[in-house]
Amino acid sequence: MPTLPLPRRRVLLAGALAGVLPSIAGAQNFPGGPLRMIVGFPPGGIADAAARSIAAEMAKDLSQPVVVENRPGAAGNVAAEAVARSPADGHTLLYAVASAFTANPHLYAKMAFDPLRDLVPVTETVLGGMVLLVRPEFRAATLREWIAAVKSQPGRLSYASYGNGSFPHLNMELLKSLTGTHVVHIPYRGAAPAMQDLLGGQVDMMFDQSATAIAQIRAGRVRPLAVNTLRRLAALPEVPTIAETLQGFDGSGWQGLWVAAGTPPAVVQRLHESAVRALAVAEVRQRFVDAGLEVVGSTPEQARMKMERESAKWKQVIDLARIRIE
């Protein structure tokens with residue numbers, strides 16, 4: 001192969017460096033000031049508590065304040081859009097649950113941005129499971145018995161969710177599609193009223209986050225049948241997984257960090273390293289374990305691949321159940 005003339009080679013090299021050097025310079029100067037971590041949920045919830053734990057440790061590592069800002073609304077879309085529209089310099093982060101990327105694009109008829117295109121992952125922080133709960137008097141001790149009980153009463157039993165399109169809703173629709181069962185959906189405005197009506201006997205069952213379900217389980221107010229993760233939860237080791245009965249079932253949810261698309265890769269990598277260090281702090285890890293969460297700390301590429309897989313999975317569930325949010 002003929003060698004390029006020296007001037008031509010210099011031009012190509014200069015062009016390549018022109019694209020690389022700003023990225024390197026940006027990373028060397030990063031962070032250039034305080035960071036914001038925008039959370040798509042109100043203060044006091046699981047995602048908010050996780051974000052604040054991680055932000056406090058990242059602030060130490062980056063030697064800059066990391067200010068947590070709550071912007072709830074539209075199942076995380078309000079916060080995600082704010083970060084997608086922010087400067088792509090790594091100083092504004094999104095702390096979100098993955099359903100904003102894997103479910104919302106298929107649930108909402110109109111979205112002003114494309115989360116898979118306009119945001120890039122930094123890391124999956126923690127994995128969370130949900131527990132299939134029934135009233136104590138419900139006549140089923142195992143998932144197989146639950147399937148038989150529900151099939152014997154098609155359309156006569158009901159389940160609560162946090163709202164239309166919420167993850168408890170999607171998990172039950174996935175379970176129904178795989179078992180050929182029919183349970184009536186009763187949507188509520190959040191987890192607390194849904195649990196209240198399960199405890200009061202107005203509904204028969206629900207999926208609930210392990211972090212909030214544990215207290216009710218230990219008090220004997222509800223009975224757990226199975227968890228929706230591939231592995232049993234460390235906080236509930238005696239509760240089997242749905243996958244032990246229905247091979248491959250995985251309805252788990254996860255949280256993570258994202259930044260605006262176009263953020264220099266070196267800056268994304270620096271944020272990734274800082275977040276992973278935060279997750280490795282013993283007190284932070286134990287806090288998550290106590291809440292029924294599993295610490296992950298995946299690479300940006302691993303997080304993106306997982307987003308794409310789960311987006312395809314939840315699209316099938318949403319389309320089959322004809323779930324839409326206007």
# chains A, B, ... in the order shown; residues from 1 in each chain; ligands from 1
$ residues_around --residues "A:Leu116" --least-positions-apart "3" --cutoff "12 Å" --atoms "only C-alpha atoms" --output "PyMOL selection string"
chain A and resi 80-81+84+98-106+113+119-121+258-261+303-311
$ closest_residue --among "A:Met205, A:Ile38, A:Val131, A:Leu170" --to "A:Ile323" --atoms "only C-alpha atoms"
A:Leu170
$ residues_around --residues "stretch 296-301 of chain A" --least-positions-apart "4" --cutoff "8 Å" --atoms "only C-alpha atoms" --output "mmCIF file with C-alpha atoms, in the first residue's frame"
data_model
loop_
_atom_site.group_PDB
_atom_site.id
_atom_site.type_symbol
_atom_site.label_atom_id
_atom_site.label_comp_id
_atom_site.auth_asym_id
_atom_site.auth_seq_id
_atom_site.Cartn_x
_atom_site.Cartn_y
_atom_site.Cartn_z
ATOM 1 C CA VAL A 120 -25.627 8.376 28.061
ATOM 2 C CA PRO A 121 -25.168 6.072 31.066
ATOM 3 C CA VAL A 122 -22.373 6.499 33.584
ATOM 4 C CA THR A 123 -23.104 3.368 35.621
ATOM 5 C CA GLU A 124 -25.800 1.133 37.007
ATOM 6 C CA THR A 125 -25.599 1.859 40.716
ATOM 7 C CA VAL A 126 -27.943 -0.599 42.438
ATOM 8 C CA LEU A 127 -30.361 -3.358 41.534
ATOM 9 C CA HIS A 272 -17.927 6.384 36.472
ATOM 10 C CA ALA A 275 -19.442 6.647 41.413
ATOM 11 C CA VAL A 276 -17.883 3.181 41.722
ATOM 12 C CA LEU A 279 -20.514 2.457 45.958
ATOM 13 C CA MET A 305 -26.507 -2.853 26.648
#
$ select_by_dssp --residues "stretch 28-262 of chain A" --states "strand (DSSP E)" --output "ChimeraX atom specification"
/A:35-39,66-70,92-97,119-128,130-134,158-161,184-187,205-209,223-227,253-260
$ write_last_selection --atoms "C-alpha atoms" --output "CSV table (one decimal), in the first residue's frame"
chain,number,residue,atom,x,y,z
A,35,LEU,CA,-22.0,19.4,40.2
A,36,ARG,CA,-25.8,19.0,40.2
A,37,MET,CA,-27.4,15.6,40.6
A,38,ILE,CA,-31.0,15.8,39.5
A,39,VAL,CA,-33.4,13.1,40.9
A,66,VAL,CA,-22.5,17.6,44.4
A,67,VAL,CA,-25.9,19.2,45.0
A,68,VAL,CA,-28.9,16.9,44.9
A,69,GLU,CA,-31.9,18.6,43.2
A,70,ASN,CA,-35.4,16.9,43.2
A,92,THR,CA,-25.2,17.9,35.5
A,93,LEU,CA,-26.0,14.3,36.3
A,94,LEU,CA,-29.3,12.4,36.3
A,95,TYR,CA,-30.0,9.9,39.1
A,96,ALA,CA,-32.9,7.8,37.9
A,97,VAL,CA,-34.5,4.4,37.8
A,119,LEU,CA,-28.6,10.7,27.5
A,120,VAL,CA,-25.6,8.4,28.1
A,121,PRO,CA,-25.2,6.1,31.1
A,122,VAL,CA,-22.4,6.5,33.6
A,123,THR,CA,-23.1,3.4,35.6
A,124,GLU,CA,-25.8,1.1,37.0
A,125,THR,CA,-25.6,1.9,40.7
A,126,VAL,CA,-27.9,-0.6,42.4
A,127,LEU,CA,-30.4,-3.4,41.5
A,128,GLY,CA,-33.7,-3.5,43.4
A,130,MET,CA,-39.9,-6.4,44.1
A,131,VAL,CA,-41.9,-8.9,46.1
A,132,LEU,CA,-45.2,-10.5,45.1
A,133,LEU,CA,-47.3,-10.0,48.2
A,134,VAL,CA,-50.7,-11.5,49.2
A,158,SER,CA,-57.5,-7.9,42.0
A,159,TYR,CA,-54.0,-6.4,42.4
A,160,ALA,CA,-52.8,-3.0,43.4
A,161,SER,CA,-50.1,-1.0,41.7
A,184,VAL,CA,-57.9,-7.1,37.7
A,185,HIS,CA,-55.6,-4.1,37.9
A,186,ILE,CA,-56.4,-1.4,40.5
A,187,PRO,CA,-54.0,1.6,40.0
A,205,MET,CA,-52.2,-8.8,46.0
A,206,MET,CA,-49.5,-6.5,44.7
A,207,PHE,CA,-45.8,-6.2,43.8
A,208,ASP,CA,-44.0,-3.9,46.2
A,209,GLN,CA,-40.4,-2.8,46.4
A,223,ARG,CA,-47.1,-12.8,53.0
A,224,PRO,CA,-44.4,-12.9,50.4
A,225,LEU,CA,-44.7,-15.5,47.6
A,226,ALA,CA,-41.7,-14.7,45.4
A,227,VAL,CA,-39.3,-12.0,44.3
A,253,GLY,CA,-35.6,-2.6,38.5
A,254,TRP,CA,-32.3,-0.7,38.8
A,255,GLN,CA,-31.0,2.7,39.4
A,256,GLY,CA,-28.2,4.6,37.8
A,257,LEU,CA,-26.4,7.7,36.7
A,258,TRP,CA,-26.7,9.4,33.3
A,259,VAL,CA,-25.3,12.6,31.7
A,260,ALA,CA,-26.2,14.5,28.5
$ residues_around --residues "A:Ser152" --least-positions-apart "3" --cutoff "12 Å" --atoms "only C-alpha atoms" --output "ChimeraX atom specification"
/A:139,145-149,155-157,180-183
$ closest_residue --among "A:Leu320, A:Ala191, A:Ile242, A:Ala50" --to "A:Val295" --atoms "only C-alpha atoms"
A:Ala50
$ select_by_dssp --residues "stretch 236-324 of chain A" --states "helix (DSSP H, G or I)" --output "PyMOL selection string"
chain A and resi 242-244+265-280+282-290+300-321
$ closest_residue --among "A:Ala211, A:Phe138, A:Gln64, A:Ala235" --to "A:Ala47" --atoms "only C-alpha atoms"
A:Ala211
$ closest_residue --among "A:Leu175, A:Gly201, A:Ser63, A:Leu293" --to "A:Ile214" --atoms "only C-alpha atoms"
A:Leu293
$ atom_distance --atom1 "atom CA of A:Arg324" --atom2 "atom CA of A:Pro43"
27.0 Å
$ residues_around --residues "A:Gln247" --least-positions-apart "5" --cutoff "12 Å" --atoms "only C-alpha atoms" --output "compact mmCIF listing (two decimals) with all heavy atoms, in the first residue's frame"
# COMPACT_ATOMS: atom_id res chain seq x y z
N LEU A 175 -46.03 -11.20 34.50
CA LEU A 175 -46.35 -12.46 35.15
C LEU A 175 -47.64 -13.05 34.58
O LEU A 175 -47.72 -14.26 34.31
CB LEU A 175 -46.49 -12.25 36.67
CG LEU A 175 -46.79 -13.49 37.52
CD1 LEU A 175 -45.71 -14.55 37.35
CD2 LEU A 175 -46.93 -13.10 38.99
N LEU A 178 -47.10 -14.67 31.15
CA LEU A 178 -46.34 -15.92 31.17
C LEU A 178 -47.12 -17.07 31.81
O LEU A 178 -46.76 -18.24 31.61
CB LEU A 178 -45.01 -15.72 31.90
CG LEU A 178 -44.01 -14.77 31.23
CD1 LEU A 178 -42.80 -14.56 32.11
CD2 LEU A 178 -43.58 -15.31 29.86
N THR A 179 -48.15 -16.74 32.58
CA THR A 179 -48.90 -17.78 33.29
C THR A 179 -50.31 -17.96 32.77
O THR A 179 -51.03 -18.87 33.20
CB THR A 179 -48.97 -17.47 34.80
OG1 THR A 179 -49.56 -16.16 34.99
CG2 THR A 179 -47.57 -17.49 35.43
N ASN A 228 -38.92 -10.84 42.23
CA ASN A 228 -38.85 -10.77 40.77
C ASN A 228 -37.43 -10.69 40.21
O ASN A 228 -37.23 -10.45 39.03
CB ASN A 228 -39.65 -9.56 40.26
CG ASN A 228 -39.00 -8.23 40.64
OD1 ASN A 228 -38.12 -8.16 41.50
ND2 ASN A 228 -39.45 -7.16 40.01
N THR A 229 -36.43 -10.90 41.06
CA THR A 229 -35.03 -10.88 40.62
C THR A 229 -34.57 -12.28 40.23
O THR A 229 -35.18 -13.28 40.62
CB THR A 229 -34.13 -10.35 41.75
OG1 THR A 229 -34.46 -11.05 42.96
CG2 THR A 229 -34.36 -8.87 41.98
N LEU A 230 -33.47 -12.34 39.47
CA LEU A 230 -32.95 -13.65 39.06
C LEU A 230 -32.37 -14.42 40.23
O LEU A 230 -32.40 -15.65 40.25
CB LEU A 230 -31.88 -13.46 37.97
CG LEU A 230 -32.40 -13.08 36.58
CD1 LEU A 230 -31.25 -12.76 35.65
CD2 LEU A 230 -33.27 -14.20 36.00
N ARG A 231 -31.81 -13.69 41.20
CA ARG A 231 -31.26 -14.33 42.41
C ARG A 231 -32.08 -13.91 43.62
O ARG A 231 -32.67 -12.83 43.63
CB ARG A 231 -29.79 -13.93 42.62
CG ARG A 231 -28.87 -14.40 41.52
CD ARG A 231 -27.42 -14.08 41.87
NE ARG A 231 -27.19 -12.64 41.98
CZ ARG A 231 -26.90 -11.85 40.96
NH1 ARG A 231 -26.80 -12.36 39.73
NH2 ARG A 231 -26.71 -10.57 41.13
N THR A 241 -37.33 -16.98 44.19
CA THR A 241 -37.52 -16.10 43.03
C THR A 241 -38.64 -16.65 42.15
O THR A 241 -38.92 -17.85 42.15
CB THR A 241 -36.25 -16.01 42.19
OG1 THR A 241 -35.99 -17.27 41.59
CG2 THR A 241 -35.05 -15.59 43.03
N ILE A 242 -39.26 -15.77 41.37
CA ILE A 242 -40.23 -16.23 40.38
C ILE A 242 -39.53 -17.12 39.36
O ILE A 242 -40.09 -18.10 38.87
CB ILE A 242 -40.89 -15.02 39.69
CG1 ILE A 242 -41.71 -14.23 40.71
CG2 ILE A 242 -41.77 -15.46 38.53
CD1 ILE A 242 -42.30 -12.93 40.15
$ closest_residue --among "A:Ser210, A:Gly165, A:Arg85, A:Asp114" --to "A:Pro237" --atoms "only C-alpha atoms"
A:Ser210
$ closest_residue --among "A:Ala56, A:Ala49, A:Ile217, A:Ala140" --to "A:Glu238" --atoms "only C-alpha atoms"
A:Ile217
